[in-house]
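Shown next: structure_24.txt, containing compact mmCIF, C-alpha atoms and all ligand atoms.
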```txt
# COMPACT_ATOMS: atom_id res chain seq x y z
CA MET N 899 194.08 95.53 133.03
CA THR N 900 192.19 93.60 135.68
CA SER N 901 192.51 93.12 139.45
CA ASP N 902 191.57 89.94 141.31
CA ASN N 903 188.40 91.52 142.70
CA LYS N 904 185.09 90.14 141.44
CA PRO N 905 182.68 92.84 140.28
CA THR N 906 179.02 92.90 141.29
CA VAL N 907 176.75 91.78 138.45
CA VAL N 908 174.19 94.10 136.85
CA GLY N 909 170.97 93.18 138.65
CA ALA N 910 172.56 93.42 142.09
CA LEU N 911 174.34 96.77 141.67
CA ALA N 912 174.21 99.17 144.61
CA CYS N 913 172.12 101.62 142.50
CA GLN N 914 169.55 98.87 141.93
CA ARG N 915 169.42 97.91 145.62
CA ASP N 916 169.18 101.49 146.85
CA SER N 917 168.31 104.05 144.20
CA PHE N 918 168.75 106.94 146.64
CA LEU N 919 172.52 106.58 147.07
CA PHE N 920 173.80 109.66 145.23
CA LYS N 921 177.29 110.23 146.66
CA GLY N 922 179.92 109.07 149.13
CA PHE N 923 179.88 105.52 147.73
CA GLU N 924 183.38 104.06 148.05
CA THR N 925 184.58 101.21 145.86
CA GLU N 926 187.54 100.31 143.68
CA VAL N 927 188.47 99.88 140.06
CA VAL N 928 188.41 96.25 138.92
CA SER N 929 189.39 96.73 135.27
CA CYS N 930 190.32 99.55 132.91
CA ASN N 931 190.44 98.88 129.19
CA GLU N 932 190.91 101.10 126.19
CA ASN N 933 187.75 101.87 124.23
CA LYS N 934 187.94 100.77 120.60
CA SER N 935 185.14 102.97 119.25
CA LYS N 936 186.13 106.52 118.30
CA ASP N 937 182.97 108.40 119.29
CA LYS N 938 183.10 107.26 122.93
CA PRO N 939 185.40 108.32 125.79
CA LYS N 940 188.83 106.64 125.77
CA TYR N 941 188.47 104.08 128.60
CA GLU N 942 185.91 101.58 129.92
CA ILE N 943 186.10 101.04 133.63
CA GLU N 944 184.38 98.39 135.69
CA LEU N 945 184.07 98.99 139.42
CA LYS N 946 183.64 96.46 142.20
CA ASP N 947 180.16 97.91 142.62
CA THR N 948 178.49 101.13 141.52
CA ILE N 949 175.70 103.60 142.24
CA LEU N 950 175.76 104.77 138.57
CA PHE N 951 173.03 102.98 136.61
CA PRO N 952 173.85 101.69 133.11
CA GLU N 953 171.05 102.19 130.59
CA GLY N 954 168.33 99.52 130.59
CA GLY N 955 164.59 98.89 131.01
CA GLY N 956 163.80 102.00 128.99
CA GLN N 957 165.78 104.12 131.46
CA PRO N 958 168.75 106.05 130.02
CA SER N 959 172.22 105.90 131.50
CA ASP N 960 173.12 108.02 134.51
CA SER N 961 176.01 110.43 134.45
CA GLY N 962 178.27 111.40 137.34
CA PHE N 963 181.84 111.45 138.61
CA LEU N 964 184.54 109.22 139.98
CA LYS N 965 186.48 110.96 142.75
CA ILE N 966 190.01 109.87 143.57
CA VAL N 967 190.90 111.13 147.03
CA LYS N 968 194.51 112.39 147.14
CA THR N 969 196.40 112.72 150.40
CA ASP N 970 198.98 115.04 148.83
CA GLY N 971 196.91 117.63 147.02
CA GLU N 972 193.53 118.27 145.47
CA ASP N 973 191.16 115.35 144.88
CA GLU N 974 190.73 114.32 141.25
CA LEU N 975 187.17 114.45 139.88
CA ILE N 976 186.73 112.38 136.69
CA PRO N 977 183.50 112.91 134.71
CA VAL N 978 181.53 109.79 133.71
CA PRO N 979 179.18 110.94 130.92
CA PHE N 980 177.89 107.45 130.12
CA ILE N 981 177.60 103.96 131.65
CA SER N 982 176.75 100.98 129.46
CA ARG N 983 175.83 97.38 130.17
CA LYS N 984 177.92 94.59 128.66
CA GLY N 985 176.10 91.38 129.56
CA LEU N 986 176.35 91.27 133.35
CA HIS N 987 178.90 94.11 133.56
CA ALA N 988 178.41 97.87 134.08
CA MET N 989 181.05 99.80 132.13
CA HIS N 990 181.91 103.39 133.09
CA HIS N 991 183.13 105.45 130.11
CA VAL N 992 185.85 107.95 131.03
CA ASP N 993 188.66 109.85 129.33
CA VAL N 994 191.25 109.08 132.02
CA GLU N 995 193.06 105.79 132.62
CA ILE N 996 192.64 104.57 136.21
CA GLN N 997 194.74 101.63 137.47
CA PRO N 998 192.83 98.59 138.76
CA GLY N 999 192.89 98.57 142.55
CA THR N 1000 192.51 102.37 142.75
CA LYS N 1001 189.99 103.41 145.40
CA VAL N 1002 187.31 105.74 144.04
CA GLU N 1003 184.25 107.51 145.38
CA VAL N 1004 181.22 107.45 143.05
CA ILE N 1005 178.99 110.52 142.63
CA VAL N 1006 175.66 110.49 140.75
CA ASP N 1007 174.09 113.42 138.87
CA GLU N 1008 171.21 113.49 141.35
CA LEU N 1009 168.79 115.84 139.55
CA LYS N 1010 168.96 113.74 136.40
CA ARG N 1011 168.55 110.43 138.29
CA VAL N 1012 165.54 111.68 140.28
CA ASP N 1013 163.96 112.94 137.05
CA TYR N 1014 164.52 109.55 135.36
CA MET N 1015 163.14 107.68 138.38
CA GLN N 1016 160.04 109.88 138.42
CA GLN N 1017 159.35 109.26 134.72
CA HIS N 1018 160.18 105.56 134.95
CA SER N 1019 158.20 104.85 138.15
CA GLY N 1020 155.33 106.96 136.76
CA GLN N 1021 155.33 104.77 133.66
CA HIS N 1022 155.06 101.59 135.76
CA LEU N 1023 152.08 103.06 137.63
CA LEU N 1024 150.30 104.39 134.53
CA SER N 1025 150.76 101.07 132.67
CA ALA N 1026 149.52 99.13 135.72
CA ILE N 1027 146.32 101.17 135.94
CA LEU N 1028 145.65 100.94 132.20
CA GLU N 1029 146.08 97.15 132.33
CA THR N 1030 143.29 96.77 134.91
CA SER N 1031 139.90 95.52 133.73
CA ASP N 1032 138.71 99.15 133.95
CA PHE N 1033 140.69 100.03 130.83
CA ASN N 1034 142.07 96.77 129.37
CA ALA N 1035 144.88 98.58 127.57
CA LYS N 1036 148.18 96.69 127.54
CA THR N 1037 151.49 98.56 127.37
CA VAL N 1038 153.68 97.11 124.60
CA GLY N 1039 156.55 99.62 124.83
CA TRP N 1040 157.57 102.99 126.15
CA SER N 1041 160.04 105.78 125.46
CA MET N 1042 161.42 108.41 127.79
CA GLY N 1043 161.53 111.95 126.41
CA GLY N 1044 163.34 114.97 127.77
CA ILE N 1045 166.84 113.77 126.99
CA PRO N 1046 169.02 116.36 125.20
CA THR N 1047 170.98 114.98 122.25
CA SER N 1048 173.84 116.42 120.18
CA LYS N 1049 171.25 117.06 117.44
CA LYS N 1050 168.90 118.88 119.84
CA PRO N 1051 170.84 120.07 122.90
CA ILE N 1052 168.15 122.57 123.99
CA LEU N 1053 164.74 121.05 124.66
CA GLU N 1054 161.35 122.62 124.08
CA PRO N 1055 158.58 122.12 126.64
CA SER N 1056 156.82 119.53 124.46
CA ASP N 1057 160.04 117.46 124.34
CA TYR N 1058 159.58 116.64 128.06
CA PHE N 1059 156.80 114.17 127.24
CA ASN N 1060 157.39 110.42 127.47
CA TYR N 1061 155.05 108.03 125.78
CA ILE N 1062 153.73 104.52 126.30
CA GLU N 1063 152.54 102.51 123.35
CA ILE N 1064 149.31 100.71 124.24
CA ASP N 1065 147.34 98.14 122.25
CA ARG N 1066 144.25 100.31 121.72
CA LYS N 1067 143.12 103.91 121.48
CA LEU N 1068 141.58 105.40 124.63
CA SER N 1069 138.69 107.84 124.67
CA VAL N 1070 139.22 111.30 126.18
CA GLU N 1071 136.93 110.23 129.06
CA ASP N 1072 139.11 107.14 129.65
CA ILE N 1073 142.20 109.34 129.83
CA THR N 1074 140.58 111.79 132.25
CA ARG N 1075 139.51 108.87 134.45
CA ALA N 1076 142.94 107.17 134.31
CA SER N 1077 144.59 110.49 135.11
CA LYS N 1078 142.40 110.92 138.20
CA ILE N 1079 143.12 107.36 139.43
CA VAL N 1080 146.88 107.63 138.89
CA ASN N 1081 147.11 111.07 140.53
CA ASP N 1082 145.12 109.74 143.50
CA ILE N 1083 147.60 106.90 143.97
CA ILE N 1084 150.39 109.49 143.82
CA SER N 1085 148.99 112.09 146.20
CA MET N 1086 146.01 110.91 148.27
CA LYS N 1087 146.58 107.15 148.63
CA PRO N 1088 150.30 106.60 147.97
CA LEU N 1089 151.61 103.04 147.68
CA PRO N 1090 155.11 101.69 148.46
CA ILE N 1091 157.35 100.72 145.53
CA SER N 1092 159.55 97.72 146.34
CA VAL N 1093 161.98 95.42 144.58
CA VAL N 1094 162.25 91.63 144.85
CA GLU N 1095 165.57 90.09 143.79
CA ARG N 1096 165.56 86.49 142.64
CA THR N 1097 168.76 84.48 142.32
CA PRO N 1098 168.74 81.73 139.62
CA ASP N 1099 167.30 79.09 142.01
CA MET N 1100 164.26 81.31 142.78
CA GLN N 1101 163.23 82.26 139.26
CA ASP N 1102 160.79 79.43 138.47
CA GLY N 1103 157.41 80.61 137.28
CA VAL N 1104 158.41 84.30 137.06
CA ASP N 1105 157.91 86.02 133.71
CA SER N 1106 161.37 86.75 132.29
CA SER N 1107 160.28 87.57 128.72
CA LYS N 1108 161.31 91.23 129.04
CA VAL N 1109 164.87 90.42 130.16
CA PRO N 1110 167.36 91.37 127.37
CA GLU N 1111 168.81 88.42 125.44
CA ASP N 1112 172.41 89.29 126.35
CA TYR N 1113 171.64 89.14 130.07
CA ASP N 1114 172.65 85.73 131.47
CA LEU N 1115 169.90 84.84 133.96
CA GLU N 1116 171.76 81.72 135.10
CA LYS N 1117 174.47 83.93 136.59
CA GLY N 1118 172.45 87.08 137.13
CA ILE N 1119 169.52 88.28 139.18
CA LEU N 1120 165.87 88.57 138.14
CA ARG N 1121 164.37 91.73 139.62
CA THR N 1122 160.66 92.43 139.92
CA ILE N 1123 159.27 95.83 140.85
CA HIS N 1124 156.13 95.96 142.98
CA ILE N 1125 153.74 98.86 143.42
CA GLY N 1126 151.74 98.01 146.54
CA GLU N 1127 149.59 95.04 145.59
CA ILE N 1128 148.51 96.45 142.24
CA ASP N 1129 151.52 95.64 140.07
CA SER N 1130 154.60 93.47 139.76
CA ASN N 1131 156.87 93.66 136.75
CA PRO N 1132 160.35 92.42 135.90
CA CYS N 1133 162.58 95.50 135.47
CA CYS N 1134 166.25 96.35 135.96
CA GLY N 1135 165.89 100.15 136.32
CA THR N 1136 166.12 102.41 139.32
CA HIS N 1137 162.83 103.28 141.03
CA LEU N 1138 161.36 105.55 143.67
CA ASN N 1139 160.37 104.17 147.10
CA SER N 1140 156.79 105.41 147.05
CA THR N 1141 154.32 106.57 144.42
CA SER N 1142 154.13 109.89 146.34
CA GLN N 1143 157.64 110.68 145.04
CA ILE N 1144 156.25 110.74 141.48
CA GLU N 1145 154.67 114.05 142.68
CA SER N 1146 152.15 114.29 139.83
CA ILE N 1147 151.45 113.03 136.33
CA LEU N 1148 150.24 114.95 133.30
CA ILE N 1149 148.62 112.86 130.54
CA LEU N 1150 147.72 114.42 127.20
CA PRO N 1151 144.25 113.70 125.78
CA ASN N 1152 145.58 113.56 122.20
CA GLN N 1153 147.19 110.25 121.18
CA THR N 1154 148.90 109.22 117.96
CA SER N 1155 148.03 106.00 116.15
CA VAL N 1156 150.86 103.57 115.42
CA ARG N 1157 151.18 100.05 114.02
CA GLY N 1158 147.54 99.66 113.05
CA THR N 1159 145.35 99.84 116.14
CA ASN N 1160 148.07 100.68 118.68
CA SER N 1161 148.27 104.15 120.14
CA ARG N 1162 150.87 106.36 121.80
CA LEU N 1163 149.80 108.05 125.00
CA TYR N 1164 151.94 111.02 126.09
CA PHE N 1165 152.69 111.81 129.73
CA MET N 1166 155.21 113.41 132.04
CA CYS N 1167 155.82 113.18 135.78
CA GLY N 1168 157.38 114.95 138.74
CA ASN N 1169 159.51 118.08 138.40
CA ARG N 1170 158.90 118.07 134.67
CA VAL N 1171 155.22 118.91 135.19
CA ARG N 1172 156.24 122.04 137.12
CA ASP N 1173 158.91 123.03 134.55
CA TYR N 1174 156.42 122.45 131.74
CA ALA N 1175 153.78 124.60 133.45
CA GLN N 1176 156.26 127.42 134.02
CA GLN N 1177 157.61 127.38 130.49
CA THR N 1178 154.26 127.12 128.75
CA ASN N 1179 153.02 129.93 131.02
CA GLU N 1180 155.87 132.12 129.74
CA ILE N 1181 154.89 131.32 126.15
CA ILE N 1182 151.22 132.05 126.82
CA SER N 1183 152.10 135.33 128.59
CA THR N 1184 154.16 136.44 125.59
CA VAL N 1185 151.37 135.51 123.17
CA LYS N 1186 148.77 137.32 125.33
CA SER N 1187 150.87 140.45 125.44
CA LEU N 1188 151.60 140.33 121.68
CA LEU N 1189 147.91 139.90 120.87
CA SER N 1190 146.67 142.10 123.77
CA CYS N 1191 144.06 139.56 124.84
CA ASN N 1192 143.15 136.87 127.40
CA GLU N 1193 143.81 133.13 127.02
CA SER N 1194 140.22 132.52 125.94
CA SER N 1195 140.50 134.99 123.04
CA ILE N 1196 143.83 133.75 121.58
CA ASP N 1197 142.02 131.49 119.08
CA GLU N 1198 139.70 134.21 117.93
CA LYS N 1199 142.50 136.81 117.68
CA ILE N 1200 144.75 134.58 115.58
CA THR N 1201 141.88 133.59 113.27
CA LYS N 1202 141.12 137.28 112.78
CA LEU N 1203 144.77 138.10 112.11
CA LYS N 1204 145.00 135.29 109.54
CA GLU N 1205 141.93 136.66 107.78
CA GLN N 1206 143.44 140.14 107.78
CA VAL N 1207 146.73 138.86 106.34
CA HIS N 1208 144.79 137.01 103.66
CA GLN N 1209 142.78 140.12 102.82
CA SER N 1210 145.92 142.31 102.76
CA GLY N 1211 147.55 139.84 100.39
CA LYS N 1212 144.58 139.99 98.05
CA ARG N 1213 144.52 143.81 98.26
CA GLU N 1214 148.24 143.94 97.50
CA GLN N 1215 147.73 141.69 94.46
CA PHE N 1216 145.02 144.02 93.22
CA TRP N 1217 147.18 147.13 93.53
CA ILE N 1218 150.22 145.44 92.03
CA LYS N 1219 148.13 144.63 88.95
CA GLU N 1220 146.63 148.14 88.81
CA LEU N 1221 150.02 149.81 89.12
CA ALA N 1222 151.62 147.39 86.66
CA SER N 1223 148.99 148.29 84.01
CA TYR N 1224 149.60 151.96 84.60
CA GLU N 1225 153.41 151.56 84.40
CA THR N 1226 153.10 149.37 81.30
CA ALA N 1227 151.14 152.12 79.53
CA LYS N 1228 153.88 154.64 80.46
CA ILE N 1229 156.61 152.29 79.21
CA MET N 1230 154.82 151.68 75.88
CA ASN N 1231 154.39 155.42 75.50
CA SER N 1232 158.12 155.95 76.00
CA LEU N 1233 158.97 153.07 73.60
CA ASN N 1234 156.83 154.63 70.90
CA LYS N 1235 158.92 157.81 71.20
CA ASN N 1236 162.50 156.45 71.07
CA GLY N 1237 162.41 152.66 71.65
CA LYS N 1238 163.68 153.05 75.24
CA ALA N 1239 162.04 152.95 78.65
CA TYR N 1240 162.88 152.30 82.28
CA LEU N 1241 161.07 151.79 85.54
CA LEU N 1242 162.55 152.41 89.00
CA LYS N 1243 160.63 151.53 92.15
CA ASP N 1244 162.26 152.06 95.53
CA GLU N 1245 161.42 150.37 98.90
CA PHE N 1246 158.59 148.06 97.77
CA GLY N 1247 159.95 147.37 94.29
CA SER N 1248 159.68 143.60 94.57
CA LEU N 1249 160.52 141.07 91.88
CA GLU N 1250 156.85 140.08 91.96
CA PHE N 1251 155.90 143.62 90.88
CA LEU N 1252 158.54 143.72 88.12
CA LEU N 1253 157.36 140.34 86.81
CA GLN N 1254 153.77 141.58 86.74
CA VAL N 1255 154.92 144.55 84.59
CA PHE N 1256 156.80 142.10 82.37
CA LYS N 1257 153.67 139.93 82.08
CA GLU N 1258 151.59 142.96 80.96
CA LEU N 1259 154.32 144.11 78.56
CA SER N 1260 154.93 140.75 76.86
CA PRO N 1261 151.92 140.64 74.49
CA GLN N 1262 152.52 144.26 73.49
CA LEU N 1263 156.25 143.68 72.84
CA LYS N 1264 155.39 140.74 70.58
CA ILE N 1265 153.66 143.10 68.17
CA PHE N 1266 156.10 146.00 68.65
CA ASP N 1267 157.85 146.24 65.30
CA LYS N 1268 160.90 148.36 66.23
CA PRO N 1269 164.02 147.71 68.33
CA TYR N 1270 163.48 148.29 72.04
CA GLN N 1271 165.46 148.57 75.28
CA ILE N 1272 163.73 148.36 78.66
CA VAL N 1273 165.20 148.32 82.19
CA LEU N 1274 162.98 147.46 85.17
CA CYS N 1275 164.57 147.80 88.59
CA GLY N 1276 163.21 147.63 92.13
CA ARG N 1277 164.68 147.89 95.62
CA GLU N 1278 163.40 146.50 98.94
CA GLY N 1279 164.52 146.45 102.58
CA VAL N 1280 165.80 150.03 102.72
CA GLN N 1281 163.95 150.73 105.97
CA THR N 1282 165.09 147.52 107.63
CA GLY N 1283 168.72 148.28 106.73
CA ASN N 1284 169.15 145.33 104.39
CA PRO N 1285 168.55 146.78 100.91
CA VAL N 1286 168.39 144.25 98.05
CA GLY N 1287 167.13 144.64 94.50
CA SER N 1288 165.66 142.96 91.44
CA LEU N 1289 166.47 143.78 87.85
CA ILE N 1290 164.94 142.90 84.47
CA ILE N 1291 166.38 143.94 81.11
CA LEU N 1292 164.25 143.48 77.97
CA SER N 1293 165.19 143.80 74.32
CA GLU N 1294 164.64 141.97 71.06
CA SER N 1295 168.46 141.85 70.70
CA GLY N 1296 170.78 139.68 72.82
CA GLU N 1297 173.66 142.03 72.03
CA THR N 1298 171.74 145.05 73.36
CA ILE N 1299 170.88 143.14 76.55
CA ALA N 1300 174.56 142.21 77.01
CA ASN N 1301 175.62 145.86 76.56
CA ILE N 1302 173.08 147.18 79.04
CA SER N 1303 173.86 144.53 81.69
CA LYS N 1304 177.59 145.24 81.28
CA LYS N 1305 177.05 148.96 81.90
CA LEU N 1306 174.77 148.33 84.88
CA SER N 1307 177.13 145.84 86.47
CA ALA N 1308 179.79 148.55 86.45
CA LEU N 1309 177.45 150.60 88.64
CA LEU N 1310 176.12 147.82 90.88
CA ALA N 1311 178.84 145.86 92.70
CA ASN N 1312 176.58 143.00 93.83
CA MET N 1313 174.57 142.36 90.66
CA LYS N 1314 174.04 138.78 89.45
CA GLY N 1315 171.78 137.37 86.77
CA GLY N 1316 171.41 135.96 83.29
CA GLY N 1317 169.22 135.12 80.32
CA GLY N 1318 168.21 136.80 77.05
CA LYS N 1319 171.28 135.76 75.07
CA ASN N 1320 169.20 135.75 71.89
CA GLY N 1321 167.00 138.59 72.97
CA GLY N 1322 164.03 138.53 75.33
CA LYS N 1323 164.49 138.73 79.10
CA TRP N 1324 167.55 139.07 81.33
CA GLN N 1325 166.70 138.67 85.01
CA GLY N 1326 168.88 139.23 88.03
CA LYS N 1327 169.22 140.42 91.58
CA ILE N 1328 171.34 142.84 93.55
CA THR N 1329 172.23 141.19 96.84
CA LYS N 1330 173.32 144.47 98.45
CA PHE N 1331 172.00 147.73 97.03
CA THR N 1332 173.40 150.93 98.62
CA ASP N 1333 171.84 154.42 98.43
CA ILE N 1334 174.82 155.67 96.41
CA GLU N 1335 174.32 152.88 93.86
CA TRP N 1336 170.60 153.67 93.66
CA GLU N 1337 171.34 157.34 92.94
CA ALA N 1338 173.99 156.45 90.35
CA LEU N 1339 171.55 154.07 88.65
CA THR N 1340 168.82 156.75 88.59
CA ILE N 1341 171.15 159.26 86.89
CA HIS N 1342 172.39 156.60 84.45
CA LEU N 1343 168.87 155.57 83.42
CA GLU N 1344 167.70 159.18 82.98
CA LYS N 1345 170.59 159.68 80.57
CA PHE N 1346 170.00 156.32 78.85
CA ASN N 1347 166.41 157.32 78.13
CA THR N 1348 167.36 160.59 76.44
CA GLU N 1349 170.39 159.38 74.48
ZN ZN W 1 161.22 99.83 136.01
```

Is it possible to give me this structure as structure tokens?
Amino acid sequence: MTSDNKPTVVGALACQRDSFLFKGFETEVVSCNENKSKDKPKYEIELKDTILFPEGGGQPSDSGFLKIVKTDGEDELIPVPFISRKGLHAMHHVDVEIQPGTKVEVIVDELKRVDYMQQHSGQHLLSAILETSDFNAKTVGWSMGGIPTSKKPILEPSDYFNYIEIDRKLSVEDITRASKIVNDIISMKPLPISVVERTPDMQDGVDSSKVPEDYDLEKGILRTIHIGEIDSNPCCGTHLNSTSQIESILILPNQTSVRGTNSRLYFMCGNRVRDYAQQTNEIISTVKSLLSCNESSIDEKITKLKEQVHQSGKREQFWIKELASYETAKIMNSLNKNGKAYLLKDEFGSLEFLLQVFKELSPQLKIFDKPYQIVLCGREGVQTGNPVGSLIILSESGETIANISKKLSALLANMKGGGGKNGGKWQGKITKFTDIEWEALTIHLEKFNTE
């Protein structure tokens, strides 16, 4: 459905002419068409003009609301989660059908827009400074971070970084110097940011190489963004009025190399810098309290802890082997008496320990010339309230193994395992191992050994 009204083209939208219009903007619906694609809201609406920016120029789409003022009841507030650009048209995606001709008031998600403008304007300034003869680093692309997605709805502090891709790697000194210059232009010597609109008859000699292919320049507007006298760049996005509104810029010294000699330089601007500082401070405070140390000792403390863990691991290995030798001797002793033996180890009876016993037993069982029946069982996680177990049954006879595992599975409700059909080793686990089951197993194995 379409009304006779002619919509304003993308390039001359109200949000592009004045990026600080956030609410109270009155206009009307020009067309409302059903959306064909399933993963988007149901309708695409074009307005006569809009203060909601469709994605473009590396700046993501705004979000906001369309308000329909009702004289006979409560006003209707329709969410607009996404605005896209279709050639020269800005399409508002909504779940409600609105008749063409309907008067609406447009409301912008202001916090989000200001954040986007700070990142986007900051990028223009950073790229402009890096392109000067001082640095000679040309920006070939950029990406805005800090946008939650369905895959990652909650962001971590490091997700707030944007990056520019430049055509060479900078030294840490270069980055420190660039950071100082850019922050000076933001805080001490701010410059105005302005927009020049060029209708088709004024576009001669202006670089239009960055304009998207589906944007018809013969009917549209070519916009260039100017930062004082230091930069002019064609761009369709929304921008701040002064570099002072960028507030501050944080540039990371560590870059990543891409596409041969190109490099990604990470930065963030404005409110994000404050949020990042607060959140990383919380993380550092937690780490300091966990390690009981100052910032300067975190490195040292963690290195020490890693060494201790490594040492403990080695010590544990040593004692596992010692204990396994001792238990193996006991088992062989018992086997020599009646061909039966068992081993029960509660709380730290890991599978690793049982396998070490099995490893020590194996060569001795190979030369053992009588029938044998061995049960090795361990339990872990009793203290943490999540007791689980490991179980190994050994015999030269598959039938004996099957008999033993059948009897044990009658005692242990959550026992699973397999192997040893022709004799050898059956191995399994008990995914939940209660105290009552442990006691029942202990009594059963004591009996089994004396039968
Ligand atoms: Zn821009």

Next on the checklist: For Ile1299 (chain N), find every residue with an atom within 12 Å (counting all atoms listed in the file), except residues of its own chain fewer than 4 positions away, and show them as an MDAnalysis selection string.
Outcome noted: chainID N and resid 1269:1273 1290:1295 1303:1306 1315:1325

With C-alpha atoms retained, could you export that selection as a PDB file, in the coordinates of the input?
```pdb
ATOM      1  CA  PRO N1269     164.020 147.710  68.330  1.00  0.00           C
ATOM      2  CA  TYR N1270     163.480 148.290  72.040  1.00  0.00           C
ATOM      3  CA  GLN N1271     165.460 148.570  75.280  1.00  0.00           C
ATOM      4  CA  ILE N1272     163.730 148.360  78.660  1.00  0.00           C
ATOM      5  CA  VAL N1273     165.200 148.320  82.190  1.00  0.00           C
ATOM      6  CA  ILE N1290     164.940 142.900  84.470  1.00  0.00           C
ATOM      7  CA  ILE N1291     166.380 143.940  81.110  1.00  0.00           C
ATOM      8  CA  LEU N1292     164.250 143.480  77.970  1.00  0.00           C
ATOM      9  CA  SER N1293     165.190 143.800  74.320  1.00  0.00           C
ATOM     10  CA  GLU N1294     164.640 141.970  71.060  1.00  0.00           C
ATOM     11  CA  SER N1295     168.460 141.850  70.700  1.00  0.00           C
ATOM     12  CA  SER N1303     173.860 144.530  81.690  1.00  0.00           C
ATOM     13  CA  LYS N1304     177.590 145.240  81.280  1.00  0.00           C
ATOM     14  CA  LYS N1305     177.050 148.960  81.900  1.00  0.00           C
ATOM     15  CA  LEU N1306     174.770 148.330  84.880  1.00  0.00           C
ATOM     16  CA  GLY N1315     171.780 137.370  86.770  1.00  0.00           C
ATOM     17  CA  GLY N1316     171.410 135.960  83.290  1.00  0.00           C
ATOM     18  CA  GLY N1317     169.220 135.120  80.320  1.00  0.00           C
ATOM     19  CA  GLY N1318     168.210 136.800  77.050  1.00  0.00           C
ATOM     20  CA  LYS N1319     171.280 135.760  75.070  1.00  0.00           C
ATOM     21  CA  ASN N1320     169.200 135.750  71.890  1.00  0.00           C
ATOM     22  CA  GLY N1321     167.000 138.590  72.970  1.00  0.00           C
ATOM     23  CA  GLY N1322     164.030 138.530  75.330  1.00  0.00           C
ATOM     24  CA  LYS N1323     164.490 138.730  79.100  1.00  0.00           C
ATOM     25  CA  TRP N1324     167.550 139.070  81.330  1.00  0.00           C
ATOM     26  CA  GLN N1325     166.700 138.670  85.010  1.00  0.00           C
TER      27      GLN N1325
END
```

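Put simply, CA of Ser929 (chain N) is 7.6 Å away from CA of Gln997 (chain N).
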
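Going from CA of Cys1167 (chain N) to CA of Met1015 (chain N) covers 9.5 Å.
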
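Relative to CA of Ser1307 (chain N), CA of Lys1238 (chain N) is found at 18.9 Å.
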
Next on the checklist: For ligand ZN 1 (chain W), return the neighbouring residues as a VMD selection string (distance at most 8 Å; only C-alpha atoms and all ligand atoms).
Outcome noted: chain N and resid 955 to 957 1018 to 1019 1022 1123 1131 to 1137

Item to check | For Glu1111 (chain N): contacts at 12 Å, all atoms listed in the file, fewer than 6 positions along chain excluded, given as a ChimeraX atom specification | outcome: /N:984-986

Checklist entry - Hey, which of N:Ala1222, N:Thr1201, N:Ile1144, N:Gly1279 ends up closest to Leu1189 (chain N)? Count only C-alpha atoms. => result N:Thr1201

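Comparing N:Lys1330, N:Thr1141, N:Leu1241, N:Glu1003 by their smallest distance to Leu919 (chain N), the closest is N:Glu1003 (using all atoms listed in the file).
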
Item to check | Close residues, Leu950 (chain N) itself excluded, 10 Å, only C-alpha atoms, min 2 positions apart in chain, as JSON, numbers by chain | outcome: {"N": [911, 912, 913, 914, 917, 919, 920, 921, 947, 948, 952, 953, 959, 960, 961, 962, 963, 964, 978, 980, 981, 982, 988, 989, 990, 1004, 1005, 1006, 1007, 1011, 1136]}

Output C-alpha atoms of each residue in that selection to a file, as a CSV table (one decimal), keeping the file's coordinate frame.
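Heads up, here's the output in result23.csv:
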```csv
chain,number,residue,atom,x,y,z
N,911,LEU,CA,174.3,96.8,141.7
N,912,ALA,CA,174.2,99.2,144.6
N,913,CYS,CA,172.1,101.6,142.5
N,914,GLN,CA,169.6,98.9,141.9
N,917,SER,CA,168.3,104.0,144.2
N,919,LEU,CA,172.5,106.6,147.1
N,920,PHE,CA,173.8,109.7,145.2
N,921,LYS,CA,177.3,110.2,146.7
N,947,ASP,CA,180.2,97.9,142.6
N,948,THR,CA,178.5,101.1,141.5
N,952,PRO,CA,173.8,101.7,133.1
N,953,GLU,CA,171.0,102.2,130.6
N,959,SER,CA,172.2,105.9,131.5
N,960,ASP,CA,173.1,108.0,134.5
N,961,SER,CA,176.0,110.4,134.4
N,962,GLY,CA,178.3,111.4,137.3
N,963,PHE,CA,181.8,111.4,138.6
N,964,LEU,CA,184.5,109.2,140.0
N,978,VAL,CA,181.5,109.8,133.7
N,980,PHE,CA,177.9,107.4,130.1
N,981,ILE,CA,177.6,104.0,131.6
N,982,SER,CA,176.8,101.0,129.5
N,988,ALA,CA,178.4,97.9,134.1
N,989,MET,CA,181.0,99.8,132.1
N,990,HIS,CA,181.9,103.4,133.1
N,1004,VAL,CA,181.2,107.4,143.0
N,1005,ILE,CA,179.0,110.5,142.6
N,1006,VAL,CA,175.7,110.5,140.8
N,1007,ASP,CA,174.1,113.4,138.9
N,1011,ARG,CA,168.6,110.4,138.3
N,1136,THR,CA,166.1,102.4,139.3
```

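In terms of minimum interatomic distance to Met1230 (chain N), N:Gln1262 ranks closest within N:Ser1142, N:Gln1206, N:Gln1262, N:Asn1301, counting all atoms listed in the file.
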
Checklist entry - Which is closest to Tyr1061 (chain N) among N:Leu1289, N:Val1002, N:Leu1148, N:Ile1328, if we use all atoms listed in the file? => result N:Leu1148

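Closest approach to Ile1149 (chain N) from the set N:Val1094, N:Val1185, N:Leu1203, N:Ile1073 is made by N:Ile1073, with distances taken over all atoms listed in the file.
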
Checklist outcome for this item: Counting only C-alpha atoms, closest pick from N:Lys1345, N:Arg1096, N:Glu1245, N:Leu1188 relative to Asn1284 (chain N) is N:Glu1245
